[in-house]
>>> print(open('entry20.txt').read())   # compact mmCIF, C-alpha atoms and all ligand atoms
# COMPACT_ATOMS: atom_id res chain seq x y z
CA MET A 1 0.00 0.00 0.00
CA ARG A 2 0.98 3.65 -0.24
CA ALA A 3 1.94 5.49 2.93
CA ALA A 4 3.52 8.80 3.91
CA ARG A 5 6.40 8.09 6.26
CA LEU A 6 8.61 10.39 8.29
CA HIS A 7 12.15 8.99 8.36
CA GLU A 8 13.96 11.69 10.33
CA TYR A 9 12.90 14.77 12.26
CA GLY A 10 13.18 17.89 10.15
CA GLU A 11 12.85 16.02 6.83
CA PRO A 12 9.83 16.03 4.50
CA PHE A 13 7.52 13.00 4.55
CA ARG A 14 8.20 10.42 1.83
CA ILE A 15 5.42 8.73 -0.13
CA GLU A 16 6.38 5.06 -0.30
CA GLU A 17 5.13 1.57 -1.05
CA VAL A 18 5.08 -0.42 2.19
CA PRO A 19 3.77 -3.93 2.97
CA ASP A 20 0.02 -4.19 3.56
CA PRO A 21 -0.66 -4.41 7.31
CA GLU A 22 -2.37 -7.59 8.57
CA PRO A 23 -4.76 -7.61 11.53
CA GLY A 24 -3.54 -9.92 14.31
CA PRO A 25 -5.74 -11.69 16.89
CA GLY A 26 -8.49 -9.37 18.12
CA GLU A 27 -7.46 -6.56 15.77
CA VAL A 28 -9.25 -4.79 12.92
CA LEU A 29 -7.91 -3.62 9.58
CA VAL A 30 -9.41 -0.26 8.59
CA ARG A 31 -9.26 1.22 5.08
CA ILE A 32 -8.59 4.93 5.50
CA GLY A 33 -11.27 7.25 4.11
CA GLY A 34 -9.72 10.37 5.60
CA ALA A 35 -6.93 11.31 8.01
CA GLY A 36 -7.04 14.75 9.62
CA VAL A 37 -3.82 16.74 9.68
CA CYS A 38 -3.26 17.97 13.22
CA HIS A 39 -0.94 20.74 14.36
CA SER A 40 0.82 18.24 16.63
CA ASP A 41 2.19 16.51 13.54
CA LEU A 42 4.06 19.72 12.74
CA HIS A 43 5.61 19.70 16.21
CA ILE A 44 6.56 16.05 15.72
CA ALA A 45 8.03 16.62 12.25
CA HIS A 46 10.14 19.44 13.72
CA GLY A 47 11.46 17.11 16.42
CA GLU A 48 9.74 18.97 19.26
CA VAL A 49 7.95 15.87 20.59
CA PRO A 50 10.47 13.24 21.68
CA GLY A 51 9.96 9.50 21.34
CA VAL A 52 7.49 9.35 18.44
CA LEU A 53 9.81 8.23 15.62
CA ASP A 54 11.19 4.71 15.71
CA GLY A 55 12.58 4.30 12.22
CA PRO A 56 10.36 5.35 9.29
CA THR A 57 7.00 6.14 10.92
CA ILE A 58 3.45 6.59 9.64
CA LEU A 59 1.76 9.43 11.52
CA GLY A 60 -1.93 10.44 11.35
CA HIS A 61 -4.07 10.18 14.51
CA GLU A 62 -7.47 11.55 13.27
CA ASN A 63 -8.82 8.66 11.28
CA ALA A 64 -12.04 7.38 9.79
CA GLY A 65 -12.76 4.88 7.04
CA TRP A 66 -14.26 1.46 6.48
CA VAL A 67 -13.74 -1.86 8.22
CA GLU A 68 -11.82 -4.01 5.75
CA ALA A 69 -11.00 -7.18 7.68
CA LEU A 70 -11.26 -8.58 11.20
CA GLY A 71 -8.35 -10.47 12.77
CA PRO A 72 -8.90 -13.88 14.40
CA GLY A 73 -11.35 -13.57 17.31
CA ALA A 74 -12.38 -9.97 16.52
CA SER A 75 -16.11 -9.45 16.03
CA GLY A 76 -18.92 -6.91 16.13
CA PHE A 77 -18.40 -5.25 12.74
CA GLU A 78 -18.98 -6.25 9.14
CA SER A 79 -16.53 -5.62 6.35
CA GLY A 80 -17.41 -2.33 4.61
CA GLU A 81 -18.99 -0.58 7.62
CA ALA A 82 -18.08 3.12 7.87
CA VAL A 83 -16.38 3.90 11.18
CA ILE A 84 -14.48 6.57 13.01
CA VAL A 85 -11.54 5.44 15.16
CA TYR A 86 -10.96 6.38 18.78
CA GLY A 87 -7.23 7.12 18.94
CA GLY A 88 -6.27 6.57 22.57
CA TRP A 89 -5.48 2.90 22.89
CA GLY A 90 -5.20 1.84 26.54
CA CYS A 91 -4.92 -1.61 28.09
CA GLY A 92 -8.71 -1.92 28.20
CA MET A 93 -8.54 -3.67 31.58
CA CYS A 94 -7.53 -1.14 34.25
CA ARG A 95 -9.93 1.03 36.24
CA VAL A 96 -9.21 4.06 34.06
CA CYS A 97 -9.89 2.16 30.84
CA MET A 98 -13.05 0.56 32.20
CA SER A 99 -14.41 4.06 32.87
CA GLY A 100 -13.82 4.84 29.18
CA GLU A 101 -10.89 7.21 29.87
CA GLU A 102 -8.42 5.15 27.86
CA GLN A 103 -6.53 8.30 26.92
CA LEU A 104 -5.33 8.46 30.54
CA CYS A 105 -4.24 4.79 30.83
CA ASP A 106 -0.64 4.19 32.02
CA THR A 107 0.03 2.01 28.97
CA MET A 108 -1.84 4.23 26.50
CA ARG A 109 -0.57 4.38 22.91
CA TRP A 110 -1.94 6.73 20.25
CA GLY A 111 -2.39 5.24 16.82
CA GLY A 112 -0.43 7.59 14.58
CA LEU A 113 1.81 8.85 17.41
CA GLY A 114 4.11 5.83 17.55
CA PRO A 115 2.02 2.89 16.30
CA PRO A 116 1.35 3.27 12.55
CA GLY A 117 -1.38 5.82 11.84
CA GLY A 118 -3.67 6.94 9.06
CA TYR A 119 -1.37 8.68 6.57
CA ALA A 120 -1.69 5.52 4.49
CA GLU A 121 -4.25 3.46 2.63
CA ARG A 122 -4.88 1.15 5.61
CA TYR A 123 -3.98 0.73 9.25
CA VAL A 124 -4.54 -1.73 12.05
CA VAL A 125 -6.65 -0.85 15.11
CA PRO A 126 -5.97 -3.04 18.17
CA SER A 127 -9.60 -3.73 19.06
CA PRO A 128 -13.13 -3.25 17.68
CA ARG A 129 -13.94 -1.32 20.88
CA HIS A 130 -12.11 1.68 19.36
CA LEU A 131 -14.53 1.85 16.41
CA ILE A 132 -17.73 3.92 16.31
CA ARG A 133 -20.20 3.60 13.45
CA ILE A 134 -20.83 6.80 11.46
CA GLY A 135 -23.80 5.66 9.36
CA ASP A 136 -24.06 7.59 6.10
CA LEU A 137 -21.48 10.23 7.03
CA ASP A 138 -18.42 10.44 4.79
CA PRO A 139 -15.27 9.38 6.70
CA ALA A 140 -13.27 12.27 5.19
CA ASP A 141 -15.81 14.76 6.53
CA VAL A 142 -15.72 13.49 10.12
CA ALA A 143 -12.17 12.17 10.67
CA PRO A 144 -11.10 15.39 12.49
CA LEU A 145 -13.83 14.84 15.07
CA THR A 146 -11.52 12.25 16.70
CA ASP A 147 -9.25 15.02 17.96
CA ALA A 148 -10.24 18.49 16.75
CA GLY A 149 -13.81 17.66 17.84
CA LEU A 150 -13.22 15.38 20.81
CA THR A 151 -10.57 17.48 22.56
CA PRO A 152 -12.59 20.71 22.83
CA TYR A 153 -15.71 18.67 23.61
CA ARG A 154 -14.08 17.26 26.76
CA ALA A 155 -12.81 20.71 27.73
CA VAL A 156 -16.31 22.20 27.34
CA LYS A 157 -17.87 19.34 29.32
CA LYS A 158 -15.50 20.08 32.20
CA VAL A 159 -17.17 23.49 32.64
CA ALA A 160 -20.61 23.02 31.06
CA GLY A 161 -22.38 21.93 34.25
CA ARG A 162 -21.19 25.07 36.06
CA LEU A 163 -22.26 27.68 33.52
CA VAL A 164 -25.59 29.41 34.08
CA GLY A 165 -27.48 32.16 32.32
CA GLY A 166 -25.58 35.44 32.55
CA ASP A 167 -22.17 33.73 32.64
CA SER A 168 -19.57 34.24 29.94
CA ALA A 169 -17.26 31.58 28.56
CA LEU A 170 -14.05 32.66 26.84
CA VAL A 171 -12.41 30.54 24.15
CA ILE A 172 -8.81 31.47 23.35
CA GLY A 173 -7.82 30.41 19.84
CA ALA A 174 -10.37 30.16 17.00
CA GLY A 175 -8.58 27.62 14.80
CA GLY A 176 -9.91 24.11 14.17
CA LEU A 177 -10.41 23.24 17.86
CA GLY A 178 -11.73 26.67 18.79
CA GLN A 179 -14.37 26.55 16.07
CA MET A 180 -15.64 23.30 17.55
CA ALA A 181 -15.46 24.64 21.14
CA ILE A 182 -17.75 27.53 20.16
CA GLN A 183 -20.34 25.09 18.81
CA PHE A 184 -20.15 22.79 21.86
CA LEU A 185 -20.58 25.76 24.22
CA GLY A 186 -23.66 26.77 22.22
CA LEU A 187 -25.09 23.25 22.30
CA LEU A 188 -24.32 22.43 25.95
CA THR A 189 -24.50 25.72 27.88
CA PRO A 190 -26.47 28.97 28.18
CA ALA A 191 -23.24 31.00 28.47
CA ARG A 192 -22.43 34.08 26.45
CA ILE A 193 -19.59 32.96 24.16
CA VAL A 194 -16.56 35.24 23.86
CA VAL A 195 -13.68 34.34 21.55
CA ALA A 196 -10.14 35.73 21.53
CA ASP A 197 -7.86 35.38 18.52
CA VAL A 198 -5.17 37.62 17.04
CA SER A 199 -6.37 36.81 13.51
CA ALA A 200 -9.20 38.97 12.15
CA ALA A 201 -10.25 36.16 9.78
CA LYS A 202 -10.54 33.70 12.65
CA ARG A 203 -12.49 36.20 14.77
CA GLN A 204 -14.94 36.52 11.86
CA ALA A 205 -15.16 32.72 11.57
CA ALA A 206 -15.96 32.62 15.31
CA LEU A 207 -18.81 35.12 14.87
CA ASP A 208 -20.14 33.10 11.93
CA LEU A 209 -20.24 30.00 14.14
CA GLY A 210 -22.23 31.70 16.88
CA ALA A 211 -19.78 33.59 19.11
CA ASP A 212 -21.50 36.51 20.87
CA ALA A 213 -18.39 38.70 21.01
CA VAL A 214 -14.79 38.57 19.82
CA VAL A 215 -11.64 40.15 21.19
CA ASP A 216 -8.17 40.69 19.72
CA PRO A 217 -5.89 39.72 22.63
CA GLY A 218 -3.00 41.56 20.97
CA ALA A 219 -4.80 44.91 20.86
CA PRO A 220 -3.83 47.63 23.37
CA ASP A 221 -7.42 47.78 24.67
CA ALA A 222 -7.82 43.99 24.97
CA ALA A 223 -8.48 44.06 28.72
CA GLN A 224 -11.18 46.70 28.33
CA ALA A 225 -12.77 44.82 25.43
CA LEU A 226 -12.82 41.62 27.46
CA GLY A 227 -14.40 43.45 30.39
CA ASP A 228 -17.09 44.89 28.13
CA ALA A 229 -17.75 41.46 26.58
CA THR A 230 -18.22 39.82 29.98
CA ASP A 231 -20.39 42.51 31.59
CA GLY A 232 -17.47 43.53 33.78
CA LYS A 233 -17.56 40.19 35.62
CA GLY A 234 -14.79 38.35 33.82
CA ALA A 235 -15.28 34.92 32.33
CA ALA A 236 -16.83 32.13 34.41
CA ALA A 237 -14.92 29.67 32.23
CA VAL A 238 -11.88 30.07 30.02
CA ILE A 239 -10.76 27.39 27.57
CA ASP A 240 -7.22 28.08 26.40
CA LEU A 241 -6.58 26.19 23.18
CA VAL A 242 -3.19 27.84 22.67
CA GLY A 243 -1.36 27.31 25.96
CA SER A 244 1.46 29.79 25.46
CA ASP A 245 2.80 32.16 28.14
CA ALA A 246 0.91 34.99 26.45
CA SER A 247 -2.39 33.15 26.08
CA LEU A 248 -2.27 31.87 29.67
CA ALA A 249 -1.57 35.38 30.98
CA PHE A 250 -4.58 36.65 29.02
CA ALA A 251 -6.66 33.72 30.31
CA ALA A 252 -5.76 34.42 33.94
CA ALA A 253 -6.48 38.13 33.53
CA SER A 254 -9.88 37.32 31.98
CA LEU A 255 -11.04 34.91 34.66
CA GLY A 256 -13.76 35.98 37.08
CA PHE A 257 -14.11 34.98 40.75
CA LYS A 258 -14.70 31.24 41.20
CA GLY A 259 -13.98 30.75 37.50
CA HIS A 260 -12.52 27.71 35.77
CA LEU A 261 -9.52 27.82 33.45
CA VAL A 262 -9.07 24.73 31.30
CA VAL A 263 -5.71 24.46 29.53
CA VAL A 264 -5.79 22.43 26.33
CA GLY A 265 -3.14 24.01 24.06
CA LEU A 266 0.26 22.36 23.77
CA ALA A 267 2.40 25.48 23.34
CA GLY A 268 4.21 24.73 26.61
CA GLY A 269 3.56 28.03 28.42
CA THR A 270 3.19 28.43 32.18
CA VAL A 271 1.21 30.77 34.41
CA PRO A 272 1.86 31.83 38.03
CA PHE A 273 -0.77 30.30 40.30
CA GLY A 274 -1.04 31.59 43.85
CA PHE A 275 -3.32 33.15 46.40
CA PHE A 276 -2.50 36.72 45.39
CA THR A 277 -2.04 36.12 41.65
CA TRP A 278 -5.32 34.41 40.96
CA PRO A 279 -9.01 35.39 41.15
CA PRO A 280 -10.49 34.12 44.45
CA GLU A 281 -11.34 30.41 44.45
CA SER A 282 -10.75 29.99 40.75
CA VAL A 283 -9.72 26.58 39.48
CA LEU A 284 -6.95 25.68 37.04
CA THR A 285 -7.04 22.34 35.26
CA GLY A 286 -5.85 20.61 32.13
CA SER A 287 -7.88 18.59 29.66
CA ASN A 288 -6.34 15.71 27.76
CA TRP A 289 -7.99 14.59 24.49
CA GLY A 290 -11.25 12.76 25.36
CA THR A 291 -12.82 9.44 26.23
CA ARG A 292 -14.36 6.80 23.99
CA THR A 293 -17.74 7.73 25.41
CA GLU A 294 -17.21 11.40 24.63
CA LEU A 295 -16.27 10.55 21.05
CA GLU A 296 -19.51 8.59 20.77
CA GLU A 297 -21.35 11.72 21.98
CA VAL A 298 -19.55 13.92 19.43
CA VAL A 299 -20.39 11.48 16.62
CA ALA A 300 -24.03 11.50 17.77
CA LEU A 301 -24.09 15.30 17.37
CA ALA A 302 -22.60 14.94 13.87
CA LEU A 303 -25.20 12.30 12.97
CA GLN A 304 -27.89 14.78 14.04
CA ASP A 305 -26.28 17.35 11.72
CA LYS A 306 -25.62 19.73 14.62
CA LEU A 307 -21.94 20.39 13.88
CA THR A 308 -20.24 22.55 11.27
CA LEU A 309 -16.79 21.22 10.46
CA GLN A 310 -14.85 22.99 7.75
CA VAL A 311 -12.83 20.33 5.95
CA GLU A 312 -10.39 20.79 3.10
CA ARG A 313 -9.52 17.55 1.32
CA ALA A 314 -6.09 16.85 -0.15
CA PRO A 315 -4.50 13.73 -1.61
CA LEU A 316 -2.02 11.81 0.56
CA GLU A 317 0.77 12.87 -1.83
CA ALA A 318 0.18 16.52 -0.87
CA ILE A 319 1.15 15.96 2.78
CA ASN A 320 4.25 18.17 2.77
CA ASP A 321 2.42 21.01 1.05
CA VAL A 322 -0.49 20.70 3.50
CA LEU A 323 1.85 20.82 6.50
CA ALA A 324 3.61 23.89 5.08
CA ARG A 325 0.28 25.66 4.61
CA LEU A 326 -0.83 24.62 8.09
CA GLU A 327 2.36 26.12 9.51
CA ALA A 328 1.75 29.33 7.57
CA GLY A 329 -1.79 29.56 8.97
CA GLN A 330 -3.31 29.08 5.51
CA VAL A 331 -5.63 26.16 6.36
CA ALA A 332 -8.97 27.64 7.31
CA GLY A 333 -10.60 24.63 9.02
CA ARG A 334 -9.06 21.18 9.06
CA ALA A 335 -7.09 19.58 6.25
CA VAL A 336 -7.91 15.91 5.65
CA LEU A 337 -5.67 13.60 3.62
CA VAL A 338 -7.57 11.17 1.41
CA PRO A 339 -5.43 8.29 0.14
ZN ZN A 401 -3.92 16.04 17.28
ZN ZN A 402 -5.77 0.85 31.02
>>> encode(input="entry20.txt", output="C-alpha cells", more="lines below")
Ligand SMILES: [Zn+2]
Ligand SMILES: [Zn+2]
Amino acid sequence: MRAARLHEYGEPFRIEEVPDPEPGPGEVLVRIGGAGVCHSDLHIAHGEVPGVLDGPTILGHENAGWVEALGPGASGFESGEAVIVYGGWGCGMCRVCMSGEEQLCDTMRWGGLGPPGGYAERYVVPSPRHLIRIGDLDPADVAPLTDAGLTPYRAVKKVAGRLVGGDSALVIGAGGLGQMAIQFLGLLTPARIVVADVSAAKRQAALDLGADAVVDPGAPDAAQALGDATDGKGAAAVIDLVGSDASLAFAAASLGFKGHLVVVGLAGGTVPFGFFTWPPESVLTGSNWGTRTELEEVVALALQDKLTLQVERAPLEAINDVLARLEAGQVAGRAVLVP
C-alpha cells in the first residue's frame, strides 16, 4: 500500500510503497477514508515531541474509514462498515480504561503517534472497541472529530455543568479546535460565548459559528474589550486552546471569581498560580484529548447534523504542502488527507 512516512525529524515526509498491514488476533484492519492533519504533527516533524519516531514512521491520529478485515477472534463489525476510530489505545482492563478514559491509561498508545497511523491506505486498530459507526457520514468529513472535535468537547464538558445564564465563557484560539469549542458551548451551555484570537479572519469565523463577542488579545485595549464582553464580571470559564505564556496570561487576567480555566493548548507556556495572583477560588485544570464515550457523543451530534466542520480535502501525496500551509496559517478549518 501507499503510505507517507517520516524517516527523520526535520525532513519532509516520503510517499512510499510499504507492505500491507495484517490484523492480528483481536485486531481490525481499517481502510482509511480520511486522516485529519493535526498541528501536533508539525511539532513532531520538527522534532519537538520526543519519542514518536522509531525508524520510518506513519503518523496520522485523526482517522475514519471502512472496516476491511477482522483479525482472528475480533467481532462486532462487518466488512465495509463506515467507522471513526478512537485514537487513545489503553490496556482496556484497568480502572481508568473501564471508565472509558483510555486516553489516561498508564500504557496508552496513540495510533499515529508511535504505532502506525492513518497517513496511508490502511492501518490496524488493536480492538473493535475503538470503532464507532458513522452511518451515512463520509469518513473524510468526520475524521477530524476524533481530535479536533473530541478534545474541545471534553474541555467544554469540564465546565458546562457550572455555567448558568448570565455567565460568559471565553475561548482562546479560534482555529480548528476553537471553532468546535464555540459550537459545543452553544449546544451544551447557556453561556455568552466570547472568543479571543489575534487573527481577524478567525475572529470573523468565530462570529459566523455563533460567538456573541470577539476580542483581539493583541490589541492595546484587549483588557477593556474583554471586560465589556463579559459585563465587567470576567469569564466564568476560560478554555485556552493555545497554551502559550501569552495566552495563559490573558486567560488568567480574563477569569472571574470562582472561575474555571481549562488548559488544552500544547504550546508549553506556564502561568503563576497563587493566592495573590489568581481570582479568588478559581480553578486551574488541564484537559487531555477525550474518552471513547465522549467521542460517541460527538459522533451523535454529527449524525444529528448539529456540527459545522470545515474540511479541506487533499491527496495523501500533498502531505508536505499541507503541513507547510498549516504552519503558515493558511488552512482555514481542518485539512484531511484522502489516500
Ligand atoms: Zn492532534
Ligand atoms: Zn488501562
>>> residues_around(input="entry20.txt", residues="stretch 123-139 of chain A", least_positions_apart="6", cutoff="10 Å", atoms="only C-alpha atoms", output="JSON, numbers by chain")
{"A": [3, 20, 21, 22, 23, 24, 25, 26, 27, 28, 29, 30, 31, 32, 33, 34, 35, 58, 63, 64, 65, 66, 67, 68, 69, 70, 71, 74, 75, 76, 77, 81, 82, 83, 84, 85, 86, 87, 88, 89, 90, 92, 102, 111, 112, 115, 116, 117, 292, 293, 295, 296, 299, 300, 302, 303, 305, 336, 338]}
>>> closest_atom_pairs(input="entry20.txt", of="chain A", to="ligand ZN 402 (chain A)", cutoff="9 Å", atoms="only C-alpha atoms and all ligand atoms", output="tab-separated table")
residue	atom	partner	partner_atom	distance
A:Trp89	CA	A:ZN402	ZN	8.4
A:Gly90	CA	A:ZN402	ZN	4.6
A:Cys91	CA	A:ZN402	ZN	3.9
A:Gly92	CA	A:ZN402	ZN	4.9
A:Met93	CA	A:ZN402	ZN	5.3
A:Cys94	CA	A:ZN402	ZN	4.2
A:Arg95	CA	A:ZN402	ZN	6.7
A:Val96	CA	A:ZN402	ZN	5.6
A:Cys97	CA	A:ZN402	ZN	4.3
A:Met98	CA	A:ZN402	ZN	7.4
A:Glu101	CA	A:ZN402	ZN	8.2
A:Glu102	CA	A:ZN402	ZN	6.0
A:Gln103	CA	A:ZN402	ZN	8.5
A:Leu104	CA	A:ZN402	ZN	7.6
A:Cys105	CA	A:ZN402	ZN	4.2
A:Asp106	CA	A:ZN402	ZN	6.2
A:Thr107	CA	A:ZN402	ZN	6.3
A:Met108	CA	A:ZN402	ZN	6.9
>>> residues_around(input="entry20.txt", residues="A:His46", least_positions_apart="2", cutoff="9 Å", atoms="all atoms listed in the file", output="ChimeraX atom specification")
/A:9-11,41-44,48-49
>>> residues_near_point(input="entry20.txt", point="(7.8, 9.6, 17.6)", cutoff="7 Å", atoms="only C-alpha atoms", output="PyMOL selection string")
chain A and resi 44+49-54+113-114
>>> residues_near_ligand(input="entry20.txt", ligand="ligand ZN 401 (chain A)", cutoff="9 Å", atoms="all atoms listed in the file", output="PyMOL selection string")
chain A and resi 36-41+60-62+144+146-148+151+289
>>> closest_residue(input="entry20.txt", among="A:Ala120, A:Ile172, A:Leu185, A:Val271", to="A:Val156", atoms="all atoms listed in the file")
A:Leu185
>>> atom_distance(input="entry20.txt", atom1="atom CA of A:Val264", atom2="atom CA of A:Ala237")
13.1 Å
>>> residues_around(input="entry20.txt", residues="A:Thr270", least_positions_apart="3", cutoff="8 Å", atoms="all atoms listed in the file", output="mmCIF file with C-alpha atoms, in the frame of the given file")
data_model
loop_
_atom_site.group_PDB
_atom_site.id
_atom_site.type_symbol
_atom_site.label_atom_id
_atom_site.label_comp_id
_atom_site.auth_asym_id
_atom_site.auth_seq_id
_atom_site.Cartn_x
_atom_site.Cartn_y
_atom_site.Cartn_z
ATOM 1 C CA GLY A 243 -1.360 27.310 25.960
ATOM 2 C CA SER A 244 1.460 29.790 25.460
ATOM 3 C CA ASP A 245 2.800 32.160 28.140
ATOM 4 C CA LEU A 248 -2.270 31.870 29.670
#
>>> residues_around(input="entry20.txt", residues="A:Pro217", least_positions_apart="5", cutoff="10 Å", atoms="all atoms listed in the file", output="list in words")
Ile172, Gly173, Val195, Ala196, Asp197, Val198, Ser199, Ala222, Ala223, Ala225, Leu226, Ala246, Ser247, Phe250 and Ala251 of chain A
>>> atom_distance(input="entry20.txt", atom1="atom CA of A:Ala201", atom2="atom CA of A:Ala213")
14.1 Å
>>> residues_around(input="entry20.txt", residues="A:Gly175", least_positions_apart="5", cutoff="8 Å", atoms="all atoms listed in the file", output="PyMOL selection string")
chain A and resi 202+332-333
>>> atom_distance(input="entry20.txt", atom1="atom CA of A:Leu207", atom2="atom CA of A:Val263")
22.4 Å
>>> residues_near_point(input="entry20.txt", point="(-2.4, -0.4, 0.5)", cutoff="6 Å", atoms="all atoms listed in the file", output="count of residues only")
5
>>> closest_residue(input="entry20.txt", among="A:Val142, A:Leu59, A:Ala206, A:Ala253", to="A:Trp110", atoms="all atoms listed in the file")
A:Leu59
>>> build_atoms(input="entry20.txt", residues="stretch 205-223 of chain A", atoms="N, CA, C and O atoms", output="compact mmCIF listing (two decimals), keeping the file's coordinate frame")
# COMPACT_ATOMS: atom_id res chain seq x y z
N ALA A 205 -14.67 34.11 11.62
CA ALA A 205 -15.16 32.72 11.57
C ALA A 205 -15.87 32.38 12.88
O ALA A 205 -16.90 31.69 12.88
N ALA A 206 -15.34 32.88 13.99
CA ALA A 206 -15.96 32.62 15.31
C ALA A 206 -17.36 33.23 15.37
O ALA A 206 -18.31 32.60 15.84
N LEU A 207 -17.49 34.46 14.88
CA LEU A 207 -18.81 35.12 14.87
C LEU A 207 -19.78 34.34 13.99
O LEU A 207 -20.94 34.13 14.35
N ASP A 208 -19.28 33.86 12.85
CA ASP A 208 -20.14 33.10 11.93
C ASP A 208 -20.65 31.82 12.58
O ASP A 208 -21.71 31.32 12.24
N LEU A 209 -19.85 31.25 13.50
CA LEU A 209 -20.24 30.00 14.14
C LEU A 209 -21.04 30.21 15.42
O LEU A 209 -21.37 29.26 16.12
N GLY A 210 -21.33 31.46 15.76
CA GLY A 210 -22.23 31.70 16.88
C GLY A 210 -21.61 32.39 18.09
O GLY A 210 -22.28 32.52 19.12
N ALA A 211 -20.36 32.83 18.00
CA ALA A 211 -19.78 33.59 19.11
C ALA A 211 -20.58 34.88 19.30
O ALA A 211 -21.02 35.49 18.33
N ASP A 212 -20.76 35.28 20.58
CA ASP A 212 -21.50 36.51 20.87
C ASP A 212 -20.62 37.75 20.79
O ASP A 212 -21.11 38.85 20.53
N ALA A 213 -19.32 37.57 21.07
CA ALA A 213 -18.39 38.70 21.01
C ALA A 213 -17.00 38.16 20.74
O ALA A 213 -16.69 37.01 21.08
N VAL A 214 -16.17 38.98 20.07
CA VAL A 214 -14.79 38.57 19.82
C VAL A 214 -13.85 39.68 20.29
O VAL A 214 -14.22 40.86 20.33
N VAL A 215 -12.63 39.24 20.65
CA VAL A 215 -11.64 40.15 21.19
C VAL A 215 -10.31 39.84 20.52
O VAL A 215 -9.98 38.67 20.30
N ASP A 216 -9.55 40.89 20.19
CA ASP A 216 -8.17 40.69 19.72
C ASP A 216 -7.25 40.80 20.93
O ASP A 216 -7.04 41.90 21.46
N PRO A 217 -6.69 39.67 21.40
CA PRO A 217 -5.89 39.72 22.63
C PRO A 217 -4.58 40.49 22.45
O PRO A 217 -3.91 40.80 23.43
N GLY A 218 -4.22 40.80 21.20
CA GLY A 218 -3.00 41.56 20.97
C GLY A 218 -3.23 43.06 20.92
O GLY A 218 -2.28 43.84 20.89
N ALA A 219 -4.50 43.48 20.96
CA ALA A 219 -4.80 44.91 20.86
C ALA A 219 -4.52 45.62 22.19
O ALA A 219 -4.63 45.01 23.25
N PRO A 220 -4.15 46.91 22.13
CA PRO A 220 -3.83 47.63 23.37
C PRO A 220 -5.02 47.69 24.34
O PRO A 220 -4.83 47.73 25.56
N ASP A 221 -6.25 47.68 23.80
CA ASP A 221 -7.42 47.78 24.67
C ASP A 221 -8.07 46.41 24.94
O ASP A 221 -9.26 46.33 25.25
N ALA A 222 -7.26 45.34 24.85
CA ALA A 222 -7.82 43.99 24.97
C ALA A 222 -8.51 43.78 26.32
O ALA A 222 -9.60 43.20 26.39
N ALA A 223 -7.90 44.28 27.39
CA ALA A 223 -8.48 44.06 28.72
C ALA A 223 -9.84 44.75 28.83
O ALA A 223 -10.81 44.18 29.37
